[in-house]
There are 2 protein chains.
Amino acid sequence: MSYTETNALPPQITISEYLFHRLKQLHIETIFGLSGEYNMPLIDKLYQVHNLRWAGNANELNAAYAADGYARLKGLGVLITTFGVGELSALNGVAGSFAEHVGLLHIVGMPPTSAQTKQLLLHHTLGNGDYSVFHRIASDIAVYNTVIDDTDLCFQEVDKCITLAWMEQRPVYMGMPVNQVNLLVDSKFLDIPLDLDMFENATEVNSEITNKILQKIYKCKHPAIVVDACTIRHECIDEVEEFCRRTKFPVFVTPMGKGAINENTPHFGGVFMGSLSSPSVREVVDFADFIIVIGSMLSEFSTSTFHFVFKVKDSVLLFSDLVKIKNSVYANIHIKPLMKSLLHSLDESKIKYIFEEAPSMILPKTKIPDDVLLRQEWVWNEISHWFREGDIIITEIGTSAFGINQTRFPNEAQGISQSLWGSSGYSLGACLGTSFAIQEFEREHNHNFHRHTQNVEKHRVILFVGDGAFQLTMQELSTIIRWNLTPYIFVLNNEGYSVDRFLHPEANASYYDIQPWNYLDLMATFNAKNYETKKIVTVGDFRDMVQDPLFAINDKIRMVEILLPSTDVPQALVDTWKLEKEKHKRPSEYSVSPYLDSDDHSQSSAFVSPAEIETDRKRARINTP
Amino acid sequence: MSYTETNALPPQITISEYLFHRLKQLHIETIFGLSGEYNMPLIDKLYQVHNLRWAGNANELNAAYAADGYARLKGLGVLITTFGVGELSALNGVAGSFAEHVGLLHIVGMPPTSAQTKQLLLHHTLGNGDYSVFHRIASDIAVYNTVIDDTDLCFQEVDKCITLAWMEQRPVYMGMPVNQVNLLVDSKFLDIPLDLDMFENATEVNSEITNKILQKIYKCKHPAIVVDACTIRHECIDEVEEFCRRTKFPVFVTPMGKGAINENTPHFGGVFMGSLSSPSVREVVDFADFIIVIGSMLSEFSTSTFHFVFKVKDSVLLFSDLVKIKNSVYANIHIKPLMKSLLHSLDESKIKYIFEEAPSMILPKTKIPDDVLLRQEWVWNEISHWFREGDIIITEIGTSAFGINQTRFPNEAQGISQSLWGSSGYSLGACLGTSFAIQEFEREHNHNFHRHTQNVEKHRVILFVGDGAFQLTMQELSTIIRWNLTPYIFVLNNEGYSVDRFLHPEANASYYDIQPWNYLDLMATFNAKNYETKKIVTVGDFRDMVQDPLFAINDKIRMVEILLPSTDVPQALVDTWKLEKEKHKRPSEYSVSPYLDSDDHSQSSAFVSPAEIETDRKRARINTP
């Protein structure tokens, strides 16, 4: 039976229902946002499509974060806001999706087209008759930007928006004037599925690149594979797994790529963080004669302030839609088809490299007495043992994002963090979004996370967030409670903005301090019904928690407050600081943050300027149909 | 003694300290925002200038709302955010300041200029080497947009930014790269005060307009004055008061202009809300033969969906920098100098109009039994009696913004609401900002609210906010608590988004519902020390509260939850709904909101299209030095 028959649709439906049916076809079942003046008629239609739900977030920025988190598992997130006040509130979240390659469809309910043409003053405008200003603002952070209009082909515009967001893994902006919500379209077009197959690369170029890469693979003696976040975004997890397995090359993962590969193989060497990598990692990567970075999303954290210096002769960087082989750049080459052709042509018998077991990450097991107060270092080492297969581990920018790099992920665990865009408060919204996604996967017994088939039935959503960051977006906890979702929320209470305090110590800096809340009381304040809270102060408290089999079952929402000293930070952060102090030795009045630019990256032949990448992209961009 | 001598400044200081000293000279003593990667060195300098304080908000959007509220009393609000993630989070708040003519200086801590020129990938970027994107985005909602650079005249740029924001009462964007924070400038320039005197109008044009207006004033028989919000923004309160007093014309105030005039004079006729005005108001305004609107900021609420139809022959609209006399438009005419010249030339003896006492607003005094549950109508009528001289009354968009129009403001009371931009959640941030401002006024015994001299020593800050709107920005309550500020926060708990529910009733609309919180428990959760909470359910509860003399003293933070039925809305909202139903009679599937455009405004000869106004502004704009 066709889709229209199965769903008993009449010959004509509104464009709004068409839109929601398309989303349902892709199993996008939770829609995020806030109702507002110009989008209520659209949201009404959502309720008419079976199995879709309106999340009803507490504010628009949190809604954007939630849609982003959802998209990282499901492949697409959908956000509905209202003209002006709503869409601008969400902007920072949408920009984060743009920066980190996340597929987001941002639908903005707009005034009726008649108001726009007459340039009348309406609620939520800047008062100057300019209705296109918000649209213009959005165009800088979207790959496509449109307003639904009364034409015969408006349904194609809807298809285009969804397809582009999914394929490009970037935000798309779709304006929906309130008086176009009921445009009628033929429902039969829903019977033609959207074409979301992978891009095709130009055959000749694809072959040329494939051959070049294979030559290097066959020739090298000291290789290394580095897997980065775009592997996840552009659905290459299976291809990368096969590539690693067949080449047997030592493989490393960047902080943002954590979860892209199975960390429990003998080939896994650890987290690559540029100069901050552990000595055993640096030993392999720095002295490799060939490095291939798959799914490259260069980020300061991943590469620790541009110390992406390879003392190598040969490097290959595979971005989402561009390849860099040493100094040559091939634009418009998509990663998934390239990986497929590499795998197709790969002949393992020609590989000269002989696998040597990479040094494994050592997890300390020293027995510390129960009454000792907690320290970051110990917590991050210990929590590894509590993680399970299939866990979705979300970390907030700050000490959590640094600390998680010391942990070993179990098989099929996925990491989520916003280390490139780095917006404090993102993680709680993402926790909500991923919780919805996991609920849907489990309900449908569908384990295709963004087309990567999982072999795990159950997934827990686990969040680590600092107290400072928690305060920015805390009301989304209320939405999690309202929907009876069951994540673990670990609030690391170290009395404020610890990373800032550590990196930029000043005598008078009360701006690192925040109002101390009774975080665990929020459950009762927000009227949670089925929940558990814990306050963890000593090593013994922590042990009791992680050894409790009932605690390990995600059958209720849990909030755990972990008390840590205010200047205690993970080792990776200490290393950053030490490194920058040695390098810069600037006069103290500059108070330079270790995040700042260093002057010596230009030595690297492997260094890629993002501006160069972007220029190449623009030169070769072909409009997708 | 000069400023530099009084403050014992060395011959050279950093540009950052220069900036903060300039703000201190203007008595701008609280700076809003969040610390972040690129602005910490700048915020450090704030701590070096005596008497300035860093608010340390919970998130950037709330910080922008707070700066806006502060600016409405002090004339300028200052917001510091960080590049990308911070500035974009604040964008919606800054846009609101732009729309509603509020002077805001938005300082954005940026990456070092070397990073920008080399287009390297840094934290908080979109990953495409484009560092100017956020700057471009901001230019649509600022009257001036600059980045501080290493030049001899950088201090002039700082002066220019502050001056423009103050004079134009619009946002100004100032980028501060982190490596320019310590540029040295000569401190002696601080001894030359900023020139913030009013604009001058071109003499001939000013005279021409003055004469035209005076002719109408002398000739008319049935006049009306309507006072709107730009009177407050552009410091014309004293001029308007004198104008009303000397002409003795009936005077009305728009909802957003509430507080601009003394409502306790015999000339005051009530709140003008277009067709929603009470019959006594409409009787005067609709049939006037001459209307002068002073400080016009046309808004849908003020004019109830464009029913700004005057059956008049003569109308004069004074905008902040433009005058419309019937169909002629005079651009670049600033309101304050024009008012001054009107007053200078006005000869009351030539006025033909004879004052007839305008019908007074009737406040019902029926005695309702104590155990009756509350209704909006009753609450808004009763609260008038509790208001005092000098109260700052803040209302959130929603039932509060409608309901407040039924109240009578005491002398020197000021109203604050964001009815034009209409961003839900604004009011709690504004409450924080105004509380800081009031504290500063009282500490300095300075009663110059934005150059309007108050005759009242004490001011209470009073907030009315719906439960739905409260949830969007609720963490700013924590900042209010942290600073021991003492506003009254009335949370109108009507179980969700009541205005939406009322105007757009749908069977399945769970999107009006919100998670029910135990609002009063937030005080303890946020660790408040000196506070009082009340839950008001019956008429008797309310009476006890408003009759309690101790409750009336603002010596602690107070949170009062007022329980109201979910579809009970103020009368003005019922009227809106009835009016639109009569007018539109559209098919039910459109589910048209009464906020939407009607088709018949074009009949009005007095109607002004904002686009026309803006075009005229642009044509005549002269760059301010």
# chains A, B, ... in the order shown; residues from 1 in each chain; ligands from 1

$ residues_around --residues "Ile354 of chain A" --least-positions-apart "5" --cutoff "9 Å" --atoms "only C-alpha atoms" --output "VMD selection string"
chain A and resid 221 to 222 248 to 249

$ write_last_selection --atoms "N, CA, C and O atoms" --output "PDB file, in the first residue's frame"
ATOM      1  N   LYS A 221      54.729   3.223   6.208  1.00  0.00           N
ATOM      2  CA  LYS A 221      55.250   2.308   7.212  1.00  0.00           C
ATOM      3  C   LYS A 221      54.744   2.647   8.609  1.00  0.00           C
ATOM      4  O   LYS A 221      54.671   1.789   9.472  1.00  0.00           O
ATOM      5  N   HIS A 222      54.448   3.928   8.813  1.00  0.00           N
ATOM      6  CA  HIS A 222      53.992   4.341  10.154  1.00  0.00           C
ATOM      7  C   HIS A 222      52.741   5.196  10.001  1.00  0.00           C
ATOM      8  O   HIS A 222      52.791   6.421  10.093  1.00  0.00           O
ATOM      9  N   LYS A 248      43.893  -2.183   9.514  1.00  0.00           N
ATOM     10  CA  LYS A 248      44.556  -2.467  10.796  1.00  0.00           C
ATOM     11  C   LYS A 248      45.495  -1.329  11.215  1.00  0.00           C
ATOM     12  O   LYS A 248      46.405  -1.528  12.018  1.00  0.00           O
ATOM     13  N   PHE A 249      45.305  -0.137  10.687  1.00  0.00           N
ATOM     14  CA  PHE A 249      46.113   1.009  11.078  1.00  0.00           C
ATOM     15  C   PHE A 249      45.730   1.434  12.494  1.00  0.00           C
ATOM     16  O   PHE A 249      44.583   1.300  12.902  1.00  0.00           O
TER      17      PHE A 249
END

$ residues_around --residues "His27 of chain B" --least-positions-apart "4" --cutoff "10 Å" --atoms "only C-alpha atoms" --output "short mmCIF file (atom, residue, chain, number, x, y, z; two decimals) with all heavy atoms, in the first residue's frame"
data_model
loop_
_atom_site.label_atom_id
_atom_site.label_comp_id
_atom_site.auth_asym_id
_atom_site.auth_seq_id
_atom_site.Cartn_x
_atom_site.Cartn_y
_atom_site.Cartn_z
N HIS B 21 35.22 54.82 32.50
CA HIS B 21 35.14 56.14 33.12
C HIS B 21 34.07 57.00 32.45
O HIS B 21 33.34 57.74 33.12
CB HIS B 21 36.50 56.85 33.09
CG HIS B 21 37.40 56.45 34.21
ND1 HIS B 21 37.15 56.78 35.52
CD2 HIS B 21 38.54 55.70 34.22
CE1 HIS B 21 38.11 56.28 36.30
NE2 HIS B 21 38.95 55.61 35.54
N ARG B 22 33.97 56.92 31.14
CA ARG B 22 32.92 57.66 30.44
C ARG B 22 31.54 57.23 30.94
O ARG B 22 30.65 58.04 31.15
CB ARG B 22 33.01 57.40 28.92
CG ARG B 22 34.01 58.27 28.16
CD ARG B 22 33.73 59.73 28.34
NE ARG B 22 34.46 60.58 27.41
CZ ARG B 22 34.67 61.88 27.60
NH1 ARG B 22 34.24 62.46 28.72
NH2 ARG B 22 35.33 62.59 26.70
N LEU B 23 31.36 55.92 31.11
CA LEU B 23 30.07 55.44 31.60
C LEU B 23 29.81 55.95 33.01
O LEU B 23 28.70 56.38 33.34
CB LEU B 23 30.04 53.91 31.54
CG LEU B 23 30.14 53.32 30.13
CD1 LEU B 23 30.25 51.80 30.18
CD2 LEU B 23 28.96 53.74 29.27
N ASN B 51 33.17 52.12 41.87
CA ASN B 51 31.72 52.32 41.83
C ASN B 51 30.99 51.68 40.66
O ASN B 51 29.78 51.80 40.56
CB ASN B 51 31.34 53.80 41.83
CG ASN B 51 31.08 54.31 43.23
OD1 ASN B 51 30.97 53.53 44.16
ND2 ASN B 51 31.00 55.62 43.37
N LEU B 52 31.71 51.01 39.79
CA LEU B 52 30.99 50.27 38.75
C LEU B 52 30.79 48.84 39.23
O LEU B 52 31.61 48.31 39.97
CB LEU B 52 31.78 50.25 37.43
CG LEU B 52 31.95 51.56 36.71
CD1 LEU B 52 32.58 51.31 35.34
CD2 LEU B 52 30.63 52.30 36.54
N LYS B 74 17.64 55.08 33.08
CA LYS B 74 18.90 55.82 33.17
C LYS B 74 19.32 56.47 31.85
O LYS B 74 20.23 57.26 31.84
CB LYS B 74 20.02 54.88 33.63
CG LYS B 74 19.79 54.16 34.92
CD LYS B 74 20.26 54.91 36.16
CE LYS B 74 21.74 55.11 36.21
NZ LYS B 74 22.26 55.39 37.55
N GLY B 75 18.69 56.10 30.75
CA GLY B 75 19.06 56.70 29.47
C GLY B 75 20.00 55.87 28.63
O GLY B 75 20.10 56.07 27.42
N LEU B 76 20.74 54.96 29.25
CA LEU B 76 21.67 54.11 28.51
C LEU B 76 21.86 52.82 29.28
O LEU B 76 22.00 52.84 30.51
CB LEU B 76 23.02 54.82 28.34
CG LEU B 76 24.10 54.05 27.56
CD1 LEU B 76 23.72 53.96 26.09
CD2 LEU B 76 25.44 54.76 27.70
N ALA B 437 18.80 50.24 38.71
CA ALA B 437 18.72 51.68 38.44
C ALA B 437 18.14 52.43 39.64
O ALA B 437 18.66 53.46 40.06
CB ALA B 437 17.90 51.94 37.19
N GLU B 440 20.52 52.77 42.45
CA GLU B 440 21.52 53.80 42.19
C GLU B 440 20.93 55.20 42.41
O GLU B 440 21.57 56.06 43.00
CB GLU B 440 22.08 53.66 40.77
CG GLU B 440 22.99 52.46 40.62
CD GLU B 440 23.22 52.05 39.18
OE1 GLU B 440 23.02 52.89 38.28
OE2 GLU B 440 23.61 50.88 38.97
N PHE B 441 19.72 55.42 41.94
CA PHE B 441 19.09 56.72 42.12
C PHE B 441 18.97 57.04 43.61
O PHE B 441 19.26 58.16 44.06
CB PHE B 441 17.70 56.74 41.50
CG PHE B 441 17.69 56.87 40.00
CD1 PHE B 441 17.00 55.96 39.23
CD2 PHE B 441 18.36 57.91 39.37
CE1 PHE B 441 16.99 56.07 37.84
CE2 PHE B 441 18.34 58.02 37.99
CZ PHE B 441 17.66 57.11 37.22
N GLU B 444 22.30 57.78 45.38
CA GLU B 444 22.89 59.07 45.06
C GLU B 444 21.93 60.22 45.29
O GLU B 444 22.23 61.36 44.95
CB GLU B 444 23.33 59.09 43.59
CG GLU B 444 24.41 58.07 43.28
CD GLU B 444 24.55 57.85 41.79
OE1 GLU B 444 24.22 58.77 41.01
OE2 GLU B 444 24.96 56.73 41.40
N ASN B 446 19.62 60.96 43.61
CA ASN B 446 19.55 61.57 42.28
C ASN B 446 18.23 61.15 41.66
O ASN B 446 17.98 59.98 41.46
CB ASN B 446 20.71 61.05 41.44
CG ASN B 446 20.59 61.44 39.99
OD1 ASN B 446 19.68 62.17 39.61
ND2 ASN B 446 21.50 60.95 39.18
#

$ residues_around --residues "segment 483-485 of chain B" --least-positions-apart "6" --cutoff "9 Å" --atoms "only C-alpha atoms" --output "ChimeraX atom specification"
/B:55,432,435-436,439,528-530,555-557

$ closest_residue --among "A:Ser35, A:Thr203, A:Gln169, A:Ser427" --to "chain B" --atoms "only C-alpha atoms"
A:Ser35

$ residues_around --residues "segment 172-176 of chain B" --least-positions-apart "2" --cutoff "7 Å" --atoms "only C-alpha atoms" --output "mmCIF file with N, CA and C atoms, in the first residue's frame"
data_model
loop_
_atom_site.group_PDB
_atom_site.id
_atom_site.type_symbol
_atom_site.label_atom_id
_atom_site.label_comp_id
_atom_site.auth_asym_id
_atom_site.auth_seq_id
_atom_site.Cartn_x
_atom_site.Cartn_y
_atom_site.Cartn_z
ATOM 1 N N LEU B 104 21.160 51.460 23.909
ATOM 2 C CA LEU B 104 21.905 50.292 24.387
ATOM 3 C C LEU B 104 23.285 50.278 23.752
ATOM 4 N N LEU B 105 24.299 50.127 24.544
ATOM 5 C CA LEU B 105 25.651 49.956 24.018
ATOM 6 C C LEU B 105 26.019 48.484 24.187
ATOM 7 N N HIS B 106 26.145 47.788 23.070
ATOM 8 C CA HIS B 106 26.471 46.358 23.099
ATOM 9 C C HIS B 106 27.950 46.199 22.759
ATOM 10 N N ILE B 107 28.729 45.814 23.762
ATOM 11 C CA ILE B 107 30.165 45.635 23.577
ATOM 12 C C ILE B 107 30.443 44.151 23.442
ATOM 13 N N VAL B 108 31.101 43.776 22.367
ATOM 14 C CA VAL B 108 31.354 42.356 22.123
ATOM 15 C C VAL B 108 32.844 42.079 22.178
ATOM 16 N N GLY B 109 33.235 41.239 23.118
ATOM 17 C CA GLY B 109 34.630 40.818 23.196
ATOM 18 C C GLY B 109 34.949 39.910 22.020
ATOM 19 N N MET B 110 35.989 40.244 21.278
ATOM 20 C CA MET B 110 36.286 39.530 20.040
ATOM 21 C C MET B 110 37.650 38.870 20.080
ATOM 22 N N ALA B 142 21.374 47.955 14.703
ATOM 23 C CA ALA B 142 22.157 48.961 15.410
ATOM 24 C C ALA B 142 22.213 50.202 14.539
ATOM 25 N N VAL B 143 22.336 51.363 15.168
ATOM 26 C CA VAL B 143 22.495 52.573 14.354
ATOM 27 C C VAL B 143 23.960 52.838 14.046
ATOM 28 N N TYR B 144 24.828 52.139 14.745
ATOM 29 C CA TYR B 144 26.250 52.304 14.474
ATOM 30 C C TYR B 144 26.962 51.038 14.890
ATOM 31 N N ASN B 145 28.006 50.715 14.180
ATOM 32 C CA ASN B 145 28.607 49.394 14.283
ATOM 33 C C ASN B 145 30.103 49.563 14.056
ATOM 34 N N THR B 146 30.926 49.256 15.043
ATOM 35 C CA THR B 146 32.351 49.506 14.881
ATOM 36 C C THR B 146 33.172 48.480 15.635
ATOM 37 N N VAL B 147 34.444 48.392 15.307
ATOM 38 C CA VAL B 147 35.381 47.551 16.040
ATOM 39 C C VAL B 147 36.553 48.427 16.463
ATOM 40 N N ILE B 148 36.886 48.402 17.720
ATOM 41 C CA ILE B 148 37.960 49.252 18.236
ATOM 42 C C ILE B 148 39.298 48.795 17.660
ATOM 43 N N CYS B 161 30.375 56.064 20.095
ATOM 44 C CA CYS B 161 29.432 54.982 20.376
ATOM 45 C C CYS B 161 28.492 55.350 21.512
ATOM 46 N N ALA B 165 24.386 56.120 20.979
ATOM 47 C CA ALA B 165 23.401 55.282 21.660
ATOM 48 C C ALA B 165 22.471 56.143 22.519
ATOM 49 N N ARG B 170 19.003 54.093 20.455
ATOM 50 C CA ARG B 170 19.006 52.843 19.703
ATOM 51 C C ARG B 170 20.282 52.094 20.057
ATOM 52 N N VAL B 178 40.224 41.273 21.871
ATOM 53 C CA VAL B 178 40.822 41.055 23.188
ATOM 54 C C VAL B 178 42.249 41.609 23.268
ATOM 55 N N GLN B 180 43.135 44.458 22.008
ATOM 56 C CA GLN B 180 43.096 45.933 21.968
ATOM 57 C C GLN B 180 42.679 46.499 23.321
ATOM 58 N N VAL B 181 42.380 45.615 24.227
ATOM 59 C CA VAL B 181 41.841 46.038 25.520
ATOM 60 C C VAL B 181 42.793 46.983 26.250
#

$ atom_distance --atom1 "atom CA of Ile31 of chain B" --atom2 "atom CA of Arg53 of chain B"
6.2 Å

$ atom_distance --atom1 "atom CA of Asp548 of chain A" --atom2 "atom CA of Arg460 of chain A"
15.6 Å

$ residues_around --residues "Lys216 of chain B" --least-positions-apart "4" --cutoff "10 Å" --atoms "only C-alpha atoms" --output "number ranges by chain"
B: 211-212, 220-221, 223, 289-292, 314-316, 351

$ write_last_selection --atoms "C-alpha atoms" --output "compact mmCIF listing (two decimals), in the first residue's frame"
# COMPACT_ATOMS: atom_id res chain seq x y z
CA ASN B 211 3.93 77.83 13.14
CA LYS B 212 1.79 75.28 11.38
CA CYS B 220 -9.33 73.89 16.91
CA LYS B 221 -12.50 73.39 18.84
CA PRO B 223 -8.66 68.83 20.31
CA ASP B 289 -11.03 68.00 14.90
CA PHE B 290 -7.35 68.14 15.85
CA ILE B 291 -5.15 65.45 17.35
CA ILE B 292 -1.52 65.80 18.22
CA ASP B 314 -6.19 67.57 11.22
CA SER B 315 -3.56 65.41 12.80
CA VAL B 316 0.00 66.00 13.81
CA ILE B 351 -6.39 79.25 22.03

$ atom_distance --atom1 "atom CA of Lys24 of chain A" --atom2 "atom CA of His50 of chain A"
8.7 Å

$ select_by_dssp --residues "segment 316-562 of chain B" --states "strand (DSSP E or B)" --output "PyMOL selection string"
chain B and resi 316-318+322-325+328-331+373+392-395+414-417+448-449+452-453+461-466+488-493+531-536+538+557-562

$ residues_around --residues "Ala469 of chain B" --least-positions-apart "3" --cutoff "9 Å" --atoms "only C-alpha atoms" --output "ChimeraX atom specification"
/A:58 /B:396-398,423-428,465-466,472-474,496-497

$ write_last_selection --atoms "N, CA and C atoms" --output "PDB file, in the first residue's frame"
ATOM      1  N   ALA A  58      10.635  25.407  26.769  1.00  0.00           N
ATOM      2  CA  ALA A  58      10.455  26.532  27.690  1.00  0.00           C
ATOM      3  C   ALA A  58      10.932  27.856  27.104  1.00  0.00           C
TER       4      ALA A  58
ATOM      5  N   GLU B 396       4.455  42.235  31.722  1.00  0.00           N
ATOM      6  CA  GLU B 396       4.873  41.319  30.673  1.00  0.00           C
ATOM      7  C   GLU B 396       3.821  41.299  29.586  1.00  0.00           C
ATOM      8  N   ILE B 397       4.272  41.006  28.376  1.00  0.00           N
ATOM      9  CA  ILE B 397       3.335  40.818  27.283  1.00  0.00           C
ATOM     10  C   ILE B 397       2.397  39.673  27.679  1.00  0.00           C
ATOM     11  N   GLY B 398       1.133  39.825  27.332  1.00  0.00           N
ATOM     12  CA  GLY B 398       0.170  38.819  27.793  1.00  0.00           C
ATOM     13  C   GLY B 398      -0.933  39.502  28.578  1.00  0.00           C
ATOM     14  N   SER B 423       8.472  40.508  23.274  1.00  0.00           N
ATOM     15  CA  SER B 423       9.164  39.255  23.521  1.00  0.00           C
ATOM     16  C   SER B 423       8.829  38.729  24.913  1.00  0.00           C
ATOM     17  N   SER B 424       8.216  37.585  24.924  1.00  0.00           N
ATOM     18  CA  SER B 424       7.848  36.938  26.176  1.00  0.00           C
ATOM     19  C   SER B 424       9.090  36.663  27.007  1.00  0.00           C
ATOM     20  N   GLY B 425       9.051  37.022  28.257  1.00  0.00           N
ATOM     21  CA  GLY B 425      10.203  36.804  29.125  1.00  0.00           C
ATOM     22  C   GLY B 425      11.006  38.072  29.370  1.00  0.00           C
ATOM     23  N   TYR B 426      10.724  39.099  28.604  1.00  0.00           N
ATOM     24  CA  TYR B 426      11.435  40.385  28.735  1.00  0.00           C
ATOM     25  C   TYR B 426      11.314  40.958  30.142  1.00  0.00           C
ATOM     26  N   SER B 427      10.127  40.830  30.703  1.00  0.00           N
ATOM     27  CA  SER B 427       9.836  41.628  31.898  1.00  0.00           C
ATOM     28  C   SER B 427      10.675  41.253  33.120  1.00  0.00           C
ATOM     29  N   LEU B 428      11.026  39.987  33.291  1.00  0.00           N
ATOM     30  CA  LEU B 428      11.815  39.623  34.470  1.00  0.00           C
ATOM     31  C   LEU B 428      13.226  40.200  34.350  1.00  0.00           C
ATOM     32  N   VAL B 465       3.840  39.372  35.834  1.00  0.00           N
ATOM     33  CA  VAL B 465       4.260  38.466  34.759  1.00  0.00           C
ATOM     34  C   VAL B 465       3.431  37.185  34.813  1.00  0.00           C
ATOM     35  N   GLY B 466       3.030  36.714  33.651  1.00  0.00           N
ATOM     36  CA  GLY B 466       2.282  35.461  33.580  1.00  0.00           C
ATOM     37  C   GLY B 466       3.198  34.272  33.819  1.00  0.00           C
ATOM     38  N   LEU B 472      10.278  31.445  30.664  1.00  0.00           N
ATOM     39  CA  LEU B 472      11.293  31.632  29.615  1.00  0.00           C
ATOM     40  C   LEU B 472      12.612  32.168  30.156  1.00  0.00           C
ATOM     41  N   THR B 473      12.535  33.026  31.148  1.00  0.00           N
ATOM     42  CA  THR B 473      13.742  33.738  31.602  1.00  0.00           C
ATOM     43  C   THR B 473      13.919  33.664  33.116  1.00  0.00           C
ATOM     44  N   MET B 474      13.346  32.687  33.735  1.00  0.00           N
ATOM     45  CA  MET B 474      13.227  32.592  35.180  1.00  0.00           C
ATOM     46  C   MET B 474      14.556  32.609  35.949  1.00  0.00           C
ATOM     47  N   GLY B 496      -0.696  28.608  32.130  1.00  0.00           N
ATOM     48  CA  GLY B 496      -0.187  28.514  30.770  1.00  0.00           C
ATOM     49  C   GLY B 496      -0.307  29.800  29.973  1.00  0.00           C
ATOM     50  N   TYR B 497      -0.237  29.647  28.680  1.00  0.00           N
ATOM     51  CA  TYR B 497      -0.217  30.781  27.767  1.00  0.00           C
ATOM     52  C   TYR B 497      -1.646  31.259  27.539  1.00  0.00           C
TER      53      TYR B 497
END

$ residues_around --residues "Arg136 of chain B" --least-positions-apart "4" --cutoff "9 Å" --atoms "only C-alpha atoms" --output "ChimeraX atom specification"
/A:137 /B:132,140,145

$ select_by_dssp --residues "segment 172-269 of chain A" --states "alpha helix (DSSP H)" --output "ChimeraX atom specification"
/A:203-219,230-233,237-247

$ closest_residue --among "B:Cys431, B:Val226, B:Met523, B:Leu19" --to "Leu184 of chain B" --atoms "only C-alpha atoms"
B:Leu19

$ closest_residue --among "B:Phe502, B:Tyr65, B:Phe272, B:Trp166" --to "Leu196 of chain B" --atoms "only C-alpha atoms"
B:Trp166
